[in-house]
>>> print(open('model-v7.cif').read())   # mmCIF, C-alpha atoms
data_my_file
loop_
_atom_site.label_atom_id
_atom_site.label_comp_id
_atom_site.auth_asym_id
_atom_site.auth_seq_id
_atom_site.Cartn_x
_atom_site.Cartn_y
_atom_site.Cartn_z
CA MET A 1 12.43 26.97 -0.31
CA SER A 2 10.24 24.19 1.08
CA THR A 3 7.07 23.50 -0.87
CA THR A 4 4.22 21.71 0.84
CA LEU A 5 1.99 19.46 -1.22
CA PRO A 6 -1.66 20.42 -0.82
CA ASP A 7 -3.87 17.67 0.55
CA THR A 8 -6.63 16.42 -1.72
CA THR A 9 -9.55 18.54 -0.63
CA LEU A 10 -13.29 18.89 -0.74
CA GLY A 11 -13.89 22.34 0.70
CA GLU A 12 -11.49 22.39 3.65
CA THR A 13 -11.44 18.65 4.41
CA THR A 14 -8.39 16.45 3.89
CA LEU A 15 -8.24 12.91 2.55
CA LEU A 16 -6.96 9.84 4.44
CA ARG A 17 -6.43 6.45 2.83
CA PHE A 18 -6.42 3.65 5.39
CA ALA A 19 -6.73 -0.13 5.50
CA THR A 20 -8.00 -2.63 8.05
CA ALA A 21 -6.27 -5.95 8.71
CA GLY A 22 -6.17 -8.73 11.27
CA SER A 23 -6.71 -12.44 11.73
CA VAL A 24 -9.93 -14.11 10.62
CA ASP A 25 -12.98 -13.41 12.82
CA ASP A 26 -11.26 -10.57 14.66
CA GLY A 27 -14.13 -8.32 13.59
CA LYS A 28 -12.69 -6.16 10.80
CA SER A 29 -15.88 -5.97 8.75
CA THR A 30 -17.96 -5.35 11.87
CA LEU A 31 -15.64 -2.49 12.83
CA VAL A 32 -15.94 -0.97 9.37
CA GLY A 33 -19.71 -1.41 9.42
CA ARG A 34 -19.92 0.19 12.85
CA LEU A 35 -17.70 3.05 11.69
CA LEU A 36 -19.94 3.68 8.68
CA HIS A 37 -23.18 3.28 10.65
CA ASP A 38 -22.29 5.41 13.66
CA SER A 39 -20.74 8.18 11.53
CA LYS A 40 -24.04 8.39 9.58
CA SER A 41 -22.31 7.28 6.36
CA VAL A 42 -24.80 4.55 5.43
CA LEU A 43 -27.66 5.23 3.07
CA VAL A 44 -31.15 4.23 4.21
CA ASP A 45 -31.59 1.64 1.46
CA GLN A 46 -28.20 0.09 2.32
CA LEU A 47 -29.15 -0.26 5.96
CA GLU A 48 -32.55 -1.70 5.04
CA ALA A 49 -30.86 -4.30 2.81
CA VAL A 50 -28.55 -5.29 5.67
CA GLU A 51 -31.50 -5.54 8.07
CA ARG A 52 -33.35 -7.83 5.65
CA ALA A 53 -30.29 -10.01 5.09
CA SER A 54 -29.67 -10.24 8.84
CA ALA A 55 -33.30 -11.14 9.56
CA SER A 56 -33.23 -13.88 6.93
CA ARG A 57 -30.30 -15.42 8.83
CA GLY A 58 -32.23 -15.33 12.10
CA GLN A 59 -30.32 -12.42 13.63
CA ASP A 60 -32.18 -10.00 15.88
CA ALA A 61 -29.92 -7.01 15.17
CA PRO A 62 -28.42 -5.84 11.86
CA ASP A 63 -25.11 -7.54 11.06
CA LEU A 64 -23.04 -4.46 10.21
CA ALA A 65 -20.31 -6.64 8.66
CA LEU A 66 -22.63 -7.08 5.68
CA LEU A 67 -22.04 -3.44 4.76
CA THR A 68 -18.60 -4.43 3.48
CA ASP A 69 -18.80 -8.18 2.81
CA GLY A 70 -20.46 -7.82 -0.58
CA LEU A 71 -19.51 -11.08 -2.31
CA ARG A 72 -22.01 -13.92 -2.01
CA ALA A 73 -19.26 -16.26 -0.79
CA GLU A 74 -18.31 -13.73 1.88
CA ARG A 75 -21.84 -13.48 3.21
CA GLU A 76 -22.38 -17.22 3.15
CA GLN A 77 -19.14 -17.96 5.01
CA GLY A 78 -19.11 -14.87 7.21
CA ILE A 79 -15.59 -13.94 6.10
CA THR A 80 -13.89 -11.32 3.94
CA ILE A 81 -12.28 -12.66 0.76
CA ASP A 82 -11.64 -9.66 -1.48
CA VAL A 83 -10.55 -6.13 -0.60
CA ALA A 84 -13.70 -4.05 -0.05
CA TYR A 85 -13.24 -0.33 -0.69
CA ARG A 86 -15.57 2.15 0.96
CA TYR A 87 -15.73 5.92 0.73
CA PHE A 88 -17.14 8.08 3.50
CA ALA A 89 -16.68 11.49 5.03
CA THR A 90 -17.12 13.44 8.23
CA ALA A 91 -17.01 17.18 8.82
CA GLU A 92 -13.26 16.85 9.49
CA ARG A 93 -11.98 14.59 6.73
CA ARG A 94 -12.78 12.34 3.78
CA PHE A 95 -11.74 8.67 3.84
CA ILE A 96 -10.93 5.89 1.39
CA LEU A 97 -11.07 2.65 3.37
CA ALA A 98 -9.79 -0.76 2.28
CA ASP A 99 -11.24 -3.65 4.32
CA THR A 100 -8.79 -6.52 3.74
CA PRO A 101 -9.20 -10.27 4.39
CA GLY A 102 -7.90 -12.05 7.46
CA HIS A 103 -7.36 -15.58 6.10
CA VAL A 104 -3.73 -16.51 5.46
CA GLN A 105 -4.46 -17.47 1.85
CA TYR A 106 -5.79 -13.96 1.18
CA THR A 107 -2.79 -12.14 2.66
CA ARG A 108 -1.95 -10.96 -0.87
CA ASN A 109 -5.09 -8.82 -0.73
CA MET A 110 -3.80 -7.12 2.41
CA VAL A 111 -0.68 -6.16 0.45
CA THR A 112 -2.91 -4.62 -2.22
CA GLY A 113 -5.05 -2.70 0.27
CA ALA A 114 -2.16 -1.36 2.34
CA SER A 115 0.14 -0.45 -0.57
CA THR A 116 -1.38 3.03 -0.89
CA ALA A 117 -2.53 3.45 2.72
CA GLU A 118 -1.29 6.16 5.03
CA LEU A 119 -2.64 4.30 8.06
CA THR A 120 -3.41 0.66 8.86
CA VAL A 121 -5.83 -0.52 11.54
CA ILE A 122 -4.76 -3.97 12.77
CA LEU A 123 -7.42 -5.75 14.82
CA VAL A 124 -6.72 -8.27 17.58
CA ASP A 125 -9.34 -10.40 19.32
CA ALA A 126 -8.95 -9.60 23.04
CA ARG A 127 -9.55 -13.29 23.85
CA ASN A 128 -6.75 -14.55 21.57
CA GLY A 129 -4.15 -11.80 21.72
CA VAL A 130 -1.37 -11.46 19.14
CA VAL A 131 -1.35 -14.43 16.76
CA GLU A 132 0.77 -15.33 13.72
CA GLN A 133 -1.48 -13.50 11.26
CA THR A 134 -1.29 -10.41 13.47
CA ARG A 135 2.49 -10.54 13.22
CA ARG A 136 2.30 -11.11 9.45
CA HIS A 137 0.11 -8.05 8.97
CA ALA A 138 2.38 -5.96 11.19
CA ALA A 139 5.36 -7.10 9.11
CA ILE A 140 3.61 -6.18 5.87
CA ALA A 141 2.66 -2.76 7.24
CA ALA A 142 6.31 -2.22 8.18
CA LEU A 143 7.57 -3.38 4.79
CA LEU A 144 5.11 -1.13 2.98
CA ARG A 145 6.28 1.80 5.15
CA VAL A 146 2.76 2.63 6.29
CA PRO A 147 3.49 5.67 8.51
CA HIS A 148 0.72 5.13 11.09
CA VAL A 149 -0.49 1.87 12.67
CA VAL A 150 -3.53 1.56 14.95
CA LEU A 151 -3.84 -1.52 17.15
CA ALA A 152 -7.56 -2.03 17.77
CA VAL A 153 -8.02 -4.58 20.56
CA ASN A 154 -11.53 -5.77 19.70
CA LYS A 155 -14.21 -7.75 21.57
CA MET A 156 -13.35 -6.14 24.89
CA ASP A 157 -16.94 -6.87 25.93
CA LEU A 158 -16.08 -10.59 25.90
CA VAL A 159 -13.28 -10.12 28.44
CA ASP A 160 -15.34 -7.92 30.76
CA TYR A 161 -13.56 -4.76 29.57
CA GLN A 162 -10.49 -5.63 31.63
CA GLU A 163 -7.71 -3.04 31.42
CA GLY A 164 -5.05 -5.68 32.13
CA VAL A 165 -6.02 -7.74 29.06
CA PHE A 166 -5.75 -4.68 26.82
CA ALA A 167 -2.47 -3.52 28.37
CA ALA A 168 -0.79 -6.92 27.92
CA ILE A 169 -1.79 -7.17 24.25
CA ALA A 170 -0.79 -3.56 23.54
CA GLU A 171 2.62 -4.09 25.16
CA GLU A 172 3.32 -7.31 23.22
CA PHE A 173 2.26 -5.87 19.87
CA THR A 174 4.08 -2.56 20.34
CA ALA A 175 7.31 -4.37 21.22
CA TYR A 176 7.01 -6.53 18.10
CA ALA A 177 6.14 -3.56 15.86
CA THR A 178 9.08 -1.58 17.23
CA GLU A 179 11.44 -4.40 16.25
CA LEU A 180 9.99 -4.18 12.74
CA GLY A 181 10.70 -0.46 12.61
CA VAL A 182 7.06 0.69 12.70
CA PRO A 183 7.35 4.42 13.51
CA GLU A 184 4.08 4.85 15.40
CA VAL A 185 1.55 2.56 17.11
CA THR A 186 -1.68 3.82 18.68
CA ALA A 187 -3.51 1.20 20.76
CA ILE A 188 -7.29 1.55 21.26
CA PRO A 189 -9.55 -0.88 23.19
CA ILE A 190 -12.87 -1.35 21.36
CA SER A 191 -15.97 -3.45 20.94
CA ALA A 192 -17.04 -3.14 17.32
CA LEU A 193 -20.23 -5.07 17.97
CA ALA A 194 -21.32 -2.84 20.84
CA GLY A 195 -19.79 0.35 19.46
CA ASP A 196 -17.38 0.99 22.34
CA ASN A 197 -14.65 3.50 21.39
CA VAL A 198 -15.36 3.23 17.66
CA VAL A 199 -17.15 6.55 17.12
CA GLU A 200 -18.35 7.33 20.64
CA PRO A 201 -16.28 6.97 23.86
CA SER A 202 -17.08 3.89 25.90
CA ALA A 203 -18.78 4.15 29.28
CA ASN A 204 -17.51 0.63 30.01
CA MET A 205 -13.81 1.56 29.84
CA ASP A 206 -13.41 4.70 31.90
CA TRP A 207 -9.80 3.66 32.50
CA TYR A 208 -9.01 4.52 28.87
CA GLY A 209 -8.45 8.20 28.18
CA GLY A 210 -7.30 8.13 24.54
CA PRO A 211 -9.17 8.88 21.31
CA THR A 212 -11.85 6.74 19.71
CA VAL A 213 -11.01 5.12 16.38
CA LEU A 214 -12.82 7.84 14.42
CA GLU A 215 -11.25 10.64 16.45
CA HIS A 216 -7.81 9.28 15.68
CA LEU A 217 -8.63 8.87 11.98
CA GLU A 218 -9.85 12.46 11.85
CA THR A 219 -6.77 13.95 13.50
CA VAL A 220 -3.78 11.84 12.41
CA PRO A 221 -1.46 14.00 10.26
CA VAL A 222 -1.30 13.12 6.56
CA ALA A 223 0.50 16.14 5.09
CA HIS A 224 3.44 15.53 2.75
CA ASP A 225 6.46 17.77 2.31
CA LEU A 226 7.66 18.00 -1.28
CA ALA A 227 11.10 19.10 -0.11
CA HIS A 228 11.75 15.46 0.82
CA CYS A 229 10.24 13.86 -2.30
CA HIS A 230 12.19 12.79 -5.37
CA ALA A 231 10.20 14.12 -8.34
CA ARG A 232 9.29 11.29 -10.70
CA LEU A 233 7.03 11.10 -13.78
CA PRO A 234 6.60 7.63 -15.34
CA VAL A 235 5.61 8.11 -18.99
CA GLN A 236 2.36 6.32 -19.73
CA TYR A 237 1.56 7.58 -23.22
CA VAL A 238 3.08 9.72 -25.99
CA ILE A 239 0.60 12.23 -27.43
CA ARG A 240 1.09 13.17 -31.10
CA PRO A 241 -2.17 14.64 -32.51
CA GLN A 242 -0.57 15.59 -35.88
CA THR A 243 -3.58 17.74 -36.69
CA ALA A 244 -3.78 21.08 -38.48
CA ASP A 245 -4.10 22.84 -35.12
CA HIS A 246 -1.28 20.87 -33.49
CA PRO A 247 1.05 19.70 -36.27
CA ASP A 248 4.21 19.53 -34.13
CA TYR A 249 2.73 18.76 -30.70
CA ARG A 250 4.59 16.01 -28.85
CA GLY A 251 3.65 15.50 -25.23
CA TYR A 252 4.48 12.84 -22.66
CA ALA A 253 1.51 11.95 -20.47
CA GLY A 254 1.46 10.27 -17.08
CA GLN A 255 0.64 10.63 -13.39
CA ILE A 256 3.31 12.30 -11.29
CA ALA A 257 4.45 9.61 -8.85
CA ALA A 258 6.27 11.93 -6.46
CA GLY A 259 7.45 15.51 -6.04
CA SER A 260 6.73 18.38 -8.41
CA PHE A 261 7.82 19.64 -11.82
CA ARG A 262 8.16 23.21 -13.11
CA VAL A 263 8.39 24.74 -16.58
CA GLY A 264 12.03 25.48 -17.43
CA GLU A 265 13.38 22.82 -15.05
CA PRO A 266 16.30 20.69 -16.34
CA VAL A 267 15.19 17.06 -16.56
CA THR A 268 16.68 13.73 -17.58
CA VAL A 269 14.87 10.88 -19.32
CA LEU A 270 15.73 7.43 -17.99
CA PRO A 271 16.99 4.86 -18.74
CA SER A 272 18.53 6.59 -21.82
CA GLY A 273 20.03 9.38 -19.70
CA ARG A 274 19.28 12.12 -22.24
CA ALA A 275 18.91 15.61 -20.75
CA THR A 276 16.64 18.50 -21.71
CA ARG A 277 14.30 21.05 -20.13
CA ILE A 278 10.56 21.19 -19.56
CA ALA A 279 9.05 23.48 -22.19
CA GLY A 280 5.47 23.24 -20.94
CA ILE A 281 3.03 21.37 -18.70
CA ASP A 282 -0.59 20.75 -19.68
CA LEU A 283 -3.09 19.90 -16.93
CA LEU A 284 -6.65 19.08 -18.01
CA GLY A 285 -6.11 20.98 -21.25
CA THR A 286 -4.71 24.07 -19.54
CA ALA A 287 -1.09 25.18 -19.51
CA VAL A 288 0.33 25.47 -15.98
CA ASP A 289 3.71 26.47 -14.58
CA GLU A 290 3.92 23.71 -11.98
CA ALA A 291 2.37 20.30 -11.24
CA TRP A 292 2.77 17.94 -8.31
CA THR A 293 2.21 14.44 -6.94
CA THR A 294 -0.85 12.46 -8.14
CA GLN A 295 -1.75 15.00 -10.84
CA SER A 296 -2.08 13.54 -14.34
CA VAL A 297 -0.26 15.81 -16.76
CA THR A 298 1.27 16.08 -20.21
CA VAL A 299 4.85 17.36 -20.26
CA LEU A 300 6.42 19.01 -23.30
CA LEU A 301 10.21 19.01 -23.66
CA GLU A 302 12.47 21.59 -25.31
CA ASP A 303 14.40 18.99 -27.34
CA ASP A 304 12.99 16.37 -29.68
CA ILE A 305 14.44 13.29 -28.02
CA ASP A 306 13.30 9.68 -28.04
CA VAL A 307 10.83 9.17 -25.17
CA SER A 308 8.33 6.31 -25.00
CA ARG A 309 6.02 4.50 -22.58
CA GLY A 310 7.96 3.09 -19.66
CA ASP A 311 10.54 5.88 -19.54
CA LEU A 312 10.94 7.97 -16.40
CA ILE A 313 11.28 11.77 -16.41
CA VAL A 314 13.23 13.08 -13.40
CA PRO A 315 15.01 16.30 -12.36
CA SER A 316 18.56 16.22 -13.68
CA LYS A 317 19.93 17.15 -10.26
CA ASP A 318 18.05 14.29 -8.56
CA ALA A 319 18.18 11.34 -10.94
CA PRO A 320 18.26 7.79 -9.58
CA ALA A 321 20.91 5.38 -10.77
CA THR A 322 19.86 2.81 -13.36
CA THR A 323 20.69 -0.81 -12.68
CA GLN A 324 20.12 -4.34 -13.92
CA ASP A 325 20.68 -5.81 -10.46
CA VAL A 326 17.80 -5.23 -8.08
CA GLU A 327 17.86 -6.30 -4.43
CA ALA A 328 14.58 -6.13 -2.58
CA THR A 329 12.36 -7.42 0.18
CA VAL A 330 9.32 -9.17 -1.24
CA CYS A 331 6.02 -10.67 -0.19
CA HIS A 332 5.23 -13.67 -2.37
CA VAL A 333 1.51 -13.73 -3.21
CA ALA A 334 1.10 -16.54 -5.76
CA ASP A 335 0.21 -20.15 -5.03
CA GLN A 336 3.18 -21.40 -7.04
CA PRO A 337 6.53 -20.85 -5.27
CA LEU A 338 9.15 -18.36 -6.38
CA THR A 339 12.43 -20.19 -6.96
CA VAL A 340 16.03 -19.35 -7.76
CA GLY A 341 16.34 -19.28 -11.54
CA HIS A 342 12.67 -18.36 -11.99
CA ARG A 343 12.22 -16.34 -15.21
CA VAL A 344 9.73 -13.54 -14.71
CA LEU A 345 8.59 -10.15 -15.92
CA ILE A 346 9.24 -7.21 -13.61
CA LYS A 347 6.82 -4.29 -13.77
CA HIS A 348 8.27 -1.08 -12.38
CA GLY A 349 6.10 2.00 -12.84
CA THR A 350 4.94 1.91 -16.46
CA ARG A 351 7.89 -0.22 -17.63
CA THR A 352 7.84 -4.02 -17.92
CA VAL A 353 11.03 -5.98 -18.72
CA LYS A 354 12.23 -9.56 -18.59
CA ALA A 355 14.13 -10.68 -15.50
CA ILE A 356 15.41 -13.72 -13.65
CA VAL A 357 15.64 -14.48 -9.93
CA LYS A 358 19.36 -14.77 -9.20
CA ASP A 359 19.17 -15.59 -5.51
CA ILE A 360 16.85 -15.77 -2.52
CA PRO A 361 19.25 -14.91 0.33
CA SER A 362 16.75 -15.30 3.16
CA ARG A 363 13.20 -15.88 4.32
CA LEU A 364 11.75 -14.09 7.33
CA THR A 365 10.52 -16.14 10.31
CA LEU A 366 7.62 -14.17 11.77
CA ASP A 367 7.74 -15.58 15.29
CA ASP A 368 11.13 -14.15 16.23
CA LEU A 369 12.02 -12.09 13.12
CA SER A 370 15.01 -14.33 12.44
CA LEU A 371 16.24 -14.96 8.90
CA HIS A 372 16.29 -18.44 7.41
CA PRO A 373 19.26 -18.31 5.00
CA HIS A 374 19.05 -19.47 1.38
CA PRO A 375 15.64 -21.18 1.52
CA GLY A 376 15.79 -21.83 -2.23
CA GLN A 377 12.20 -20.70 -2.71
CA LEU A 378 9.42 -18.55 -1.28
CA ALA A 379 5.97 -20.07 -0.83
CA ALA A 380 2.65 -18.20 -0.80
CA ASN A 381 2.63 -15.39 1.80
CA ASP A 382 6.35 -15.78 2.59
CA ILE A 383 8.38 -12.62 3.15
CA GLY A 384 12.02 -12.66 2.15
CA ARG A 385 14.93 -11.09 0.30
CA VAL A 386 15.58 -11.59 -3.41
CA LYS A 387 18.21 -10.63 -5.97
CA ILE A 388 16.91 -10.04 -9.49
CA ARG A 389 18.77 -9.50 -12.77
CA THR A 390 16.84 -7.54 -15.38
CA ALA A 391 17.20 -7.65 -19.16
CA GLU A 392 17.27 -3.86 -19.36
CA PRO A 393 18.38 -1.15 -16.91
CA LEU A 394 15.71 0.15 -14.51
CA PRO A 395 15.78 3.53 -12.72
CA VAL A 396 14.76 2.37 -9.25
CA ASP A 397 14.61 4.31 -6.00
CA SER A 398 14.88 2.85 -2.55
CA TYR A 399 11.40 2.07 -1.22
CA ALA A 400 12.32 3.98 1.93
CA ASP A 401 12.61 7.11 -0.24
CA SER A 402 9.67 6.54 -2.59
CA ARG A 403 6.83 4.05 -2.18
CA ARG A 404 5.84 4.52 -5.84
CA THR A 405 9.18 4.26 -7.70
CA GLY A 406 10.76 1.97 -5.12
CA SER A 407 8.18 -0.77 -5.63
CA PHE A 408 7.58 -3.38 -8.31
CA ILE A 409 5.71 -6.60 -9.02
CA LEU A 410 6.96 -9.84 -10.53
CA ILE A 411 4.69 -11.38 -13.17
CA ASP A 412 4.52 -14.88 -14.63
CA PRO A 413 5.30 -14.39 -18.35
CA ALA A 414 3.22 -17.47 -19.24
CA ASP A 415 -0.18 -16.32 -17.99
CA GLY A 416 0.25 -12.83 -16.54
CA THR A 417 -0.29 -13.93 -12.91
CA THR A 418 1.12 -11.59 -10.28
CA LEU A 419 3.75 -13.55 -8.37
CA THR A 420 5.41 -11.19 -5.93
CA ALA A 421 5.22 -7.65 -4.57
CA GLY A 422 8.65 -6.11 -4.03
CA MET A 423 10.17 -3.19 -2.14
CA VAL A 424 13.62 -2.09 -3.34
CA GLY A 425 16.51 -1.65 -0.93
CA GLU A 426 17.15 -2.43 2.70
CA SER A 427 14.49 -3.35 5.23
CA PHE A 428 14.19 -4.96 8.64
CA ALA A 429 14.58 -8.29 6.81
CA ALA A 430 17.86 -7.40 5.11
CA PRO A 431 20.47 -10.13 5.65
CA GLU A 432 24.21 -9.83 5.41
CA PRO A 433 25.28 -9.63 1.76
CA VAL A 434 25.58 -13.10 0.26
CA LYS A 435 28.47 -13.64 -2.12
CA ASP A 436 28.08 -16.44 -4.60
CA ALA A 437 30.75 -17.14 -7.21
CA SER A 438 28.15 -18.53 -9.59
CA ASP A 439 26.00 -15.37 -9.53
CA ASP A 440 27.10 -14.24 -12.99
CA ASP A 441 27.15 -17.63 -14.69
CA GLY A 442 24.81 -18.53 -17.50
CA TRP A 443 23.27 -15.12 -18.21
CA ASP A 444 21.99 -14.53 -21.69
CA PHE A 445 21.10 -10.88 -21.19
#
>>> encode(input="model-v7.cif", output="structure tokens")
Amino acid sequence: MSTTLPDTTLGETTLLRFATAGSVDDGKSTLVGRLLHDSKSVLVDQLEAVERASASRGQDAPDLALLTDGLRAEREQGITIDVAYRYFATAERRFILADTPGHVQYTRNMVTGASTAELTVILVDARNGVVEQTRRHAAIAALLRVPHVVLAVNKMDLVDYQEGVFAAIAEEFTAYATELGVPEVTAIPISALAGDNVVEPSANMDWYGGPTVLEHLETVPVAHDLAHCHARLPVQYVIRPQTADHPDYRGYAGQIAAGSFRVGEPVTVLPSGRATRIAGIDLLGTAVDEAWTTQSVTVLLEDDIDVSRGDLIVPSKDAPATTQDVEATVCHVADQPLTVGHRVLIKHGTRTVKAIVKDIPSRLTLDDLSLHPHPGQLAANDIGRVKIRTAEPLPVDSYADSRRTGSFILIDPADGTTLTAGMVGESFAAPEPVKDASDDDGWDF
């Protein structure tokens, strides 16, 4: 029987996580500010602070971008540097919004903001059209399997609201996104500064009959079907009170990454492979029969087996294979390059193990989506394929099946810097398998 995961609710409203992206100065922060302002989601004191800051800079009207650009460096330079999270709601839905930077050197922050998003809004300046950073953000959205992409063609007021300009940009971007495997693109012509088609329909573009940005955000489907999720519980902490009231209590706490678990269900603990059954599930101190995705729970098992932080509890009938050889598509986010032979830590779920980069089969060229074979290294913001050998087996899913248990990060063991964000399995960037006779030489684990 199919079980549908309930949306996170407040009353009857659903929750949508979405991110904004685009090249520098395309107007992302202004769009977000306009969205907050026109949907009546800005407090009076916030708006007054923005009005004062705008007046001090000699601006006649409030600069709505200041509602999200909170860092001093952002306000001084008029750019977004860090990911700015904002929470707002309408009568139809609640939103968690991640406003991400446009500069190439801050592309890593776009990866962070879009990694949990169900929708990405990619802005394009109507005067400039699709540029390299637009293509990079589209590629990242495709790699991260963001199910819905909105192309917001901004600054239409600066091109006299011409339908032909919008149509040409929408056609070029949609063709590129389709090559990447993006499942859905919704193109909307807007002027964030003037408010056209952001919350209210534009009187200047009567040739456009689609939804405004807010209308689309309020109506895009975000329901998840548990019948197609692989149930996964990464163990974060082992609870052993050893008190008079709970002398034998042993629970395994964590946030359910996907699917659902039921009392009595046969489960397997990975990577050890030991099997048992769920004896109980505690949720916020109360025993429940079932728990599902994103709930933080404590699971009790029938058998006293060795389970520790970093292990993964899965249904016995749906257990992923464990492997020490991981192939993935990655976005390199560190300033220092990732090279063949690079020794790293790989963090997968709650487990962190030593690893080494065996090979970098290809790097993606964004202009034509061609693959540059065996580049030897990936520089900051490069997207490519890697082969990694881990010191211990990891129970990894394909990222196409699970965004949570199919993803990982590579960490510099020297200083803890995040090097690379990875997505396990095939992708649009997958090259032909590369066979190298020296692949297995020189391993010490």
>>> resolve_selection(input="model-v7.cif", expression="the PyMOL selection byres ((chain A and resi 86) around 6)", output="VMD selection string")
chain A and resid 85 87 96 to 97
>>> resolve_selection(input="model-v7.cif", expression="the PyMOL selection byres ((chain A and resi 308) around 9)", output="list in words")
Val235, Gln236, Tyr237, Val238, Tyr252, Asp306, Val307, Arg309, Gly310 and Asp311 of chain A
>>> write_last_selection(input="model-v7.cif", atoms="C-alpha atoms", output="compact mmCIF listing (two decimals), keeping the file's coordinate frame")
# COMPACT_ATOMS: atom_id res chain seq x y z
CA VAL A 235 5.61 8.11 -18.99
CA GLN A 236 2.36 6.32 -19.73
CA TYR A 237 1.56 7.58 -23.22
CA VAL A 238 3.08 9.72 -25.99
CA TYR A 252 4.48 12.84 -22.66
CA ASP A 306 13.30 9.68 -28.04
CA VAL A 307 10.83 9.17 -25.17
CA ARG A 309 6.02 4.50 -22.58
CA GLY A 310 7.96 3.09 -19.66
CA ASP A 311 10.54 5.88 -19.54
>>> residues_around(input="model-v7.cif", residues="Val130 (chain A)", least_positions_apart="5", cutoff="12 Å", atoms="all atoms listed in the file", output="number ranges by chain")
A: 22-23, 26, 122-125, 135-138, 151-154, 165-166, 168-177, 366-367
>>> write_last_selection(input="model-v7.cif", atoms="C-alpha atoms", output="tab-separated table (two decimals), in the frame of the given file")
chain	number	residue	atom	x	y	z
A	22	GLY	CA	-6.17	-8.73	11.27
A	23	SER	CA	-6.71	-12.44	11.73
A	26	ASP	CA	-11.26	-10.57	14.66
A	122	ILE	CA	-4.76	-3.97	12.77
A	123	LEU	CA	-7.42	-5.75	14.82
A	124	VAL	CA	-6.72	-8.27	17.58
A	125	ASP	CA	-9.34	-10.40	19.32
A	135	ARG	CA	2.49	-10.54	13.22
A	136	ARG	CA	2.30	-11.11	9.45
A	137	HIS	CA	0.11	-8.05	8.97
A	138	ALA	CA	2.38	-5.96	11.19
A	151	LEU	CA	-3.84	-1.52	17.15
A	152	ALA	CA	-7.56	-2.03	17.77
A	153	VAL	CA	-8.02	-4.58	20.56
A	154	ASN	CA	-11.53	-5.77	19.70
A	165	VAL	CA	-6.02	-7.74	29.06
A	166	PHE	CA	-5.75	-4.68	26.82
A	168	ALA	CA	-0.79	-6.92	27.92
A	169	ILE	CA	-1.79	-7.17	24.25
A	170	ALA	CA	-0.79	-3.56	23.54
A	171	GLU	CA	2.62	-4.09	25.16
A	172	GLU	CA	3.32	-7.31	23.22
A	173	PHE	CA	2.26	-5.87	19.87
A	174	THR	CA	4.08	-2.56	20.34
A	175	ALA	CA	7.31	-4.37	21.22
A	176	TYR	CA	7.01	-6.53	18.10
A	177	ALA	CA	6.14	-3.56	15.86
A	366	LEU	CA	7.62	-14.17	11.77
A	367	ASP	CA	7.74	-15.58	15.29
>>> atom_distance(input="model-v7.cif", atom1="CA of His342 (chain A)", atom2="CA of Thr329 (chain A)")
16.4 Å
>>> atom_distance(input="model-v7.cif", atom1="CA of Gly181 (chain A)", atom2="CA of Val386 (chain A)")
20.1 Å
>>> atom_distance(input="model-v7.cif", atom1="CA of Leu233 (chain A)", atom2="CA of Ala257 (chain A)")
5.8 Å
>>> closest_residue(input="model-v7.cif", among="A:Val121, A:Leu301, A:Leu270, A:Ile313", to="Gly254 (chain A)", atoms="all atoms listed in the file")
A:Ile313
>>> residues_near_point(input="model-v7.cif", point="(7.6, 25.2, -12.2)", cutoff="9 Å", atoms="all atoms listed in the file", output="PDB file with C-alpha atoms, in the frame of the given file")
ATOM      1  CA  SER A 260       6.730  18.380  -8.410  1.00  0.00           C
ATOM      2  CA  PHE A 261       7.820  19.640 -11.820  1.00  0.00           C
ATOM      3  CA  ARG A 262       8.160  23.210 -13.110  1.00  0.00           C
ATOM      4  CA  VAL A 263       8.390  24.740 -16.580  1.00  0.00           C
ATOM      5  CA  GLY A 264      12.030  25.480 -17.430  1.00  0.00           C
ATOM      6  CA  GLU A 265      13.380  22.820 -15.050  1.00  0.00           C
ATOM      7  CA  ILE A 278      10.560  21.190 -19.560  1.00  0.00           C
ATOM      8  CA  ILE A 281       3.030  21.370 -18.700  1.00  0.00           C
ATOM      9  CA  VAL A 288       0.330  25.470 -15.980  1.00  0.00           C
ATOM     10  CA  ASP A 289       3.710  26.470 -14.580  1.00  0.00           C
ATOM     11  CA  GLU A 290       3.920  23.710 -11.980  1.00  0.00           C
ATOM     12  CA  ALA A 291       2.370  20.300 -11.240  1.00  0.00           C
TER      13      ALA A 291
END
